Amino acid sequence: MLLVLASLKLACEIALMALAGQGALHLLAGGRRRDNVFYLVLRGVARPFTAAAERVLPAGRAQRLAPAVAFALLAVAWLALTAAKIAQCLATGMAGCR
């Protein structure tokens with residue numbers, strides 16, 4: 001169970017870092033970010049999560065708000081997984097949590 005929680009938490013962390021990197025490049029590169037290879041890589045990593053957020057949002061605002069909504073949902077999921085991992089470690093003893 002601890003391995004599953006740690007794996008899901010890691011997937012959330014990777015997606016959160018990809019979305020944060022996209023946001024940083026959006027601020028730094030502006031309109032030229034679409035030509036940046038690193039931005040395209042980060043967009044590819046975060047694409048499954050932004051696509052899921054686009055399905056939840058209304059059609060008119062989906063494109064613009066999807067990364068922010070995906071970031072917020074991933075942050076909540078990360079907090080929940082962290083709490084579950086801590087609870088699991090406390091329940092089983094700290095020996096397996098190092």
# chains A, B, ... in the order shown; residues from 1 in each chain; ligands from 1

call {"tool": "residues_around", "arguments": {"residues": "Ala87 in chain A", "least_positions_apart": "6", "cutoff": "12 Å", "atoms": "only C-alpha atoms", "output": "ChimeraX atom specification"}}
result
/A:1-2,5,80-81,93-94,97

call {"tool": "write_last_selection", "arguments": {"atoms": "C-alpha atoms", "output": "short mmCIF file (atom, residue, chain, number, x, y, z; two decimals), in the first residue's frame"}}
result
data_model
loop_
_atom_site.label_atom_id
_atom_site.label_comp_id
_atom_site.auth_asym_id
_atom_site.auth_seq_id
_atom_site.Cartn_x
_atom_site.Cartn_y
_atom_site.Cartn_z
CA MET A 1 0.00 0.00 0.00
CA LEU A 2 2.84 2.36 0.81
CA LEU A 5 0.75 5.85 -2.29
CA ALA A 80 -4.46 14.00 0.29
CA LEU A 81 -1.82 11.46 -0.76
CA GLY A 93 5.39 1.76 12.22
CA MET A 94 8.11 3.96 10.88
CA CYS A 97 8.76 4.47 5.67
#

call {"tool": "residues_around", "arguments": {"residues": "range 66-70 of chain A", "least_positions_apart": "4", "cutoff": "9 Å", "atoms": "only C-alpha atoms", "output": "list in words"}}
result
Leu16, Leu19, Gln22, Gly23, Ala46, Arg47, Phe49, Thr50, Ala51, Ala52, Ala53, Glu54, Arg55, Val56, Leu57, Arg61, Ala62, Leu74 and Ala75 of chain A

call {"tool": "write_last_selection", "arguments": {"atoms": "C-alpha atoms", "output": "compact mmCIF listing (two decimals), in the first residue's frame"}}
result
# COMPACT_ATOMS: atom_id res chain seq x y z
CA LEU A 16 2.91 19.76 -10.61
CA LEU A 19 2.79 22.79 -14.78
CA GLN A 22 5.07 25.88 -17.98
CA GLY A 23 3.89 28.82 -15.92
CA ALA A 46 1.27 17.81 -18.23
CA ARG A 47 -1.11 17.21 -21.16
CA PHE A 49 -3.89 16.38 -16.58
CA THR A 50 -4.81 19.52 -18.48
CA ALA A 51 -6.99 17.46 -20.82
CA ALA A 52 -8.88 16.07 -17.83
CA ALA A 53 -9.34 19.61 -16.50
CA GLU A 54 -10.63 20.75 -19.91
CA ARG A 55 -13.38 18.14 -19.73
CA VAL A 56 -14.54 19.49 -16.37
CA LEU A 57 -14.61 23.16 -17.41
CA ARG A 61 -13.10 28.84 -20.82
CA ALA A 62 -11.58 25.38 -20.99
CA LEU A 74 -3.16 18.05 -8.44
CA ALA A 75 -2.19 20.11 -5.40

call {"tool": "closest_residue", "arguments": {"among": "A:Phe71, A:Val45, A:Thr92, A:Phe38", "to": "Ala20 in chain A", "atoms": "only C-alpha atoms"}}
result
A:Phe71

call {"tool": "residues_around", "arguments": {"residues": "Gly21 in chain A", "least_positions_apart": "6", "cutoff": "10 Å", "atoms": "only C-alpha atoms", "output": "PDB file with C-alpha atoms, in the first residue's frame"}}
result
ATOM      1  CA  ALA A  15       2.846  16.851 -13.077  1.00  0.00           C
ATOM      2  CA  LEU A  27       6.055  34.527 -17.829  1.00  0.00           C
ATOM      3  CA  PHE A  38      11.563  22.749 -23.176  1.00  0.00           C
ATOM      4  CA  TYR A  39       8.060  24.243 -23.023  1.00  0.00           C
ATOM      5  CA  LEU A  42       6.654  20.212 -20.221  1.00  0.00           C
ATOM      6  CA  ARG A  43       3.372  20.579 -22.080  1.00  0.00           C
TER       7      ARG A  43
END

call {"tool": "atom_distance", "arguments": {"atom1": "CA of Val76 in chain A", "atom2": "CA of Gly44 in chain A"}}
result
21.6 Å

call {"tool": "atom_distance", "arguments": {"atom1": "CA of His26 in chain A", "atom2": "CA of Arg64 in chain A"}}
result
12.5 Å

call {"tool": "decode", "arguments": {"residues": "chain A", "atoms": "C-alpha atoms", "output": "PDB file, in the first residue's frame"}}
result
ATOM      1  CA  MET A   1       0.000   0.000   0.000  1.00  0.00           C
ATOM      2  CA  LEU A   2       2.836   2.357   0.808  1.00  0.00           C
ATOM      3  CA  LEU A   3       4.393   1.755  -2.612  1.00  0.00           C
ATOM      4  CA  VAL A   4       1.104   2.649  -4.336  1.00  0.00           C
ATOM      5  CA  LEU A   5       0.750   5.849  -2.294  1.00  0.00           C
ATOM      6  CA  ALA A   6       4.353   6.844  -2.962  1.00  0.00           C
ATOM      7  CA  SER A   7       3.963   6.162  -6.701  1.00  0.00           C
ATOM      8  CA  LEU A   8       0.774   8.214  -6.987  1.00  0.00           C
ATOM      9  CA  LYS A   9       2.360  11.020  -4.975  1.00  0.00           C
ATOM     10  CA  LEU A  10       5.379  10.978  -7.293  1.00  0.00           C
ATOM     11  CA  ALA A  11       3.130  11.206 -10.363  1.00  0.00           C
ATOM     12  CA  CYS A  12       1.401  14.234  -8.822  1.00  0.00           C
ATOM     13  CA  GLU A  13       4.754  15.844  -8.047  1.00  0.00           C
ATOM     14  CA  ILE A  14       6.021  15.368 -11.597  1.00  0.00           C
ATOM     15  CA  ALA A  15       2.846  16.851 -13.077  1.00  0.00           C
ATOM     16  CA  LEU A  16       2.909  19.762 -10.613  1.00  0.00           C
ATOM     17  CA  MET A  17       6.518  20.567 -11.503  1.00  0.00           C
ATOM     18  CA  ALA A  18       5.700  20.386 -15.216  1.00  0.00           C
ATOM     19  CA  LEU A  19       2.795  22.793 -14.782  1.00  0.00           C
ATOM     20  CA  ALA A  20       4.928  25.123 -12.649  1.00  0.00           C
ATOM     21  CA  GLY A  21       7.633  25.062 -15.325  1.00  0.00           C
ATOM     22  CA  GLN A  22       5.072  25.882 -17.978  1.00  0.00           C
ATOM     23  CA  GLY A  23       3.891  28.819 -15.915  1.00  0.00           C
ATOM     24  CA  ALA A  24       7.439  30.090 -15.448  1.00  0.00           C
ATOM     25  CA  LEU A  25       8.146  29.850 -19.172  1.00  0.00           C
ATOM     26  CA  HIS A  26       4.851  31.577 -19.893  1.00  0.00           C
ATOM     27  CA  LEU A  27       6.055  34.527 -17.829  1.00  0.00           C
ATOM     28  CA  LEU A  28       9.616  34.503 -19.161  1.00  0.00           C
ATOM     29  CA  ALA A  29       9.114  33.727 -22.843  1.00  0.00           C
ATOM     30  CA  GLY A  30       5.675  35.228 -23.421  1.00  0.00           C
ATOM     31  CA  GLY A  31       4.271  34.538 -26.870  1.00  0.00           C
ATOM     32  CA  ARG A  32       7.458  32.836 -28.056  1.00  0.00           C
ATOM     33  CA  ARG A  33       7.031  29.972 -25.615  1.00  0.00           C
ATOM     34  CA  ARG A  34       5.417  27.835 -28.321  1.00  0.00           C
ATOM     35  CA  ASP A  35       8.793  27.736 -30.111  1.00  0.00           C
ATOM     36  CA  ASN A  36      10.639  26.651 -26.970  1.00  0.00           C
ATOM     37  CA  VAL A  37      11.511  22.938 -26.963  1.00  0.00           C
ATOM     38  CA  PHE A  38      11.563  22.749 -23.176  1.00  0.00           C
ATOM     39  CA  TYR A  39       8.060  24.243 -23.023  1.00  0.00           C
ATOM     40  CA  LEU A  40       6.831  21.618 -25.485  1.00  0.00           C
ATOM     41  CA  VAL A  41       8.312  18.833 -23.355  1.00  0.00           C
ATOM     42  CA  LEU A  42       6.654  20.212 -20.221  1.00  0.00           C
ATOM     43  CA  ARG A  43       3.372  20.579 -22.080  1.00  0.00           C
ATOM     44  CA  GLY A  44       3.584  16.943 -23.177  1.00  0.00           C
ATOM     45  CA  VAL A  45       4.167  15.779 -19.608  1.00  0.00           C
ATOM     46  CA  ALA A  46       1.272  17.810 -18.229  1.00  0.00           C
ATOM     47  CA  ARG A  47      -1.110  17.206 -21.157  1.00  0.00           C
ATOM     48  CA  PRO A  48      -3.095  14.285 -19.636  1.00  0.00           C
ATOM     49  CA  PHE A  49      -3.892  16.378 -16.579  1.00  0.00           C
ATOM     50  CA  THR A  50      -4.811  19.522 -18.484  1.00  0.00           C
ATOM     51  CA  ALA A  51      -6.989  17.460 -20.825  1.00  0.00           C
ATOM     52  CA  ALA A  52      -8.882  16.070 -17.827  1.00  0.00           C
ATOM     53  CA  ALA A  53      -9.339  19.609 -16.501  1.00  0.00           C
ATOM     54  CA  GLU A  54     -10.629  20.751 -19.908  1.00  0.00           C
ATOM     55  CA  ARG A  55     -13.380  18.144 -19.731  1.00  0.00           C
ATOM     56  CA  VAL A  56     -14.544  19.493 -16.368  1.00  0.00           C
ATOM     57  CA  LEU A  57     -14.612  23.159 -17.408  1.00  0.00           C
ATOM     58  CA  PRO A  58     -17.234  24.904 -19.569  1.00  0.00           C
ATOM     59  CA  ALA A  59     -16.390  24.939 -23.277  1.00  0.00           C
ATOM     60  CA  GLY A  60     -15.696  28.667 -23.582  1.00  0.00           C
ATOM     61  CA  ARG A  61     -13.101  28.837 -20.821  1.00  0.00           C
ATOM     62  CA  ALA A  62     -11.575  25.378 -20.986  1.00  0.00           C
ATOM     63  CA  GLN A  63      -8.479  26.275 -23.008  1.00  0.00           C
ATOM     64  CA  ARG A  64      -7.392  29.203 -20.863  1.00  0.00           C
ATOM     65  CA  LEU A  65      -8.164  27.915 -17.364  1.00  0.00           C
ATOM     66  CA  ALA A  66      -7.284  24.242 -17.763  1.00  0.00           C
ATOM     67  CA  PRO A  67      -3.658  24.462 -16.539  1.00  0.00           C
ATOM     68  CA  ALA A  68      -4.663  26.412 -13.415  1.00  0.00           C
ATOM     69  CA  VAL A  69      -7.505  24.008 -12.619  1.00  0.00           C
ATOM     70  CA  ALA A  70      -5.234  21.018 -13.223  1.00  0.00           C
ATOM     71  CA  PHE A  71      -2.615  22.532 -10.905  1.00  0.00           C
ATOM     72  CA  ALA A  72      -5.203  23.115  -8.173  1.00  0.00           C
ATOM     73  CA  LEU A  73      -6.635  19.589  -8.457  1.00  0.00           C
ATOM     74  CA  LEU A  74      -3.162  18.054  -8.444  1.00  0.00           C
ATOM     75  CA  ALA A  75      -2.189  20.108  -5.398  1.00  0.00           C
ATOM     76  CA  VAL A  76      -5.263  18.856  -3.521  1.00  0.00           C
ATOM     77  CA  ALA A  77      -4.512  15.277  -4.614  1.00  0.00           C
ATOM     78  CA  TRP A  78      -0.893  15.671  -3.477  1.00  0.00           C
ATOM     79  CA  LEU A  79      -2.015  16.896  -0.050  1.00  0.00           C
ATOM     80  CA  ALA A  80      -4.455  13.997   0.291  1.00  0.00           C
ATOM     81  CA  LEU A  81      -1.820  11.464  -0.762  1.00  0.00           C
ATOM     82  CA  THR A  82       0.695  12.968   1.659  1.00  0.00           C
ATOM     83  CA  ALA A  83      -1.814  12.692   4.504  1.00  0.00           C
ATOM     84  CA  ALA A  84      -2.607   9.093   3.532  1.00  0.00           C
ATOM     85  CA  LYS A  85       1.089   8.225   3.389  1.00  0.00           C
ATOM     86  CA  ILE A  86       1.678   9.728   6.831  1.00  0.00           C
ATOM     87  CA  ALA A  87      -1.302   7.810   8.228  1.00  0.00           C
ATOM     88  CA  GLN A  88      -0.029   4.598   6.653  1.00  0.00           C
ATOM     89  CA  CYS A  89       3.434   5.133   8.120  1.00  0.00           C
ATOM     90  CA  LEU A  90       2.035   5.793  11.579  1.00  0.00           C
ATOM     91  CA  ALA A  91      -0.211   2.744  11.399  1.00  0.00           C
ATOM     92  CA  THR A  92       2.497   0.316  10.285  1.00  0.00           C
ATOM     93  CA  GLY A  93       5.394   1.761  12.219  1.00  0.00           C
ATOM     94  CA  MET A  94       8.114   3.964  10.877  1.00  0.00           C
ATOM     95  CA  ALA A  95      10.453   1.116   9.897  1.00  0.00           C
ATOM     96  CA  GLY A  96       9.026   0.751   6.378  1.00  0.00           C
ATOM     97  CA  CYS A  97       8.765   4.468   5.673  1.00  0.00           C
ATOM     98  CA  ARG A  98      12.416   5.380   5.318  1.00  0.00           C
TER      99      ARG A  98
END
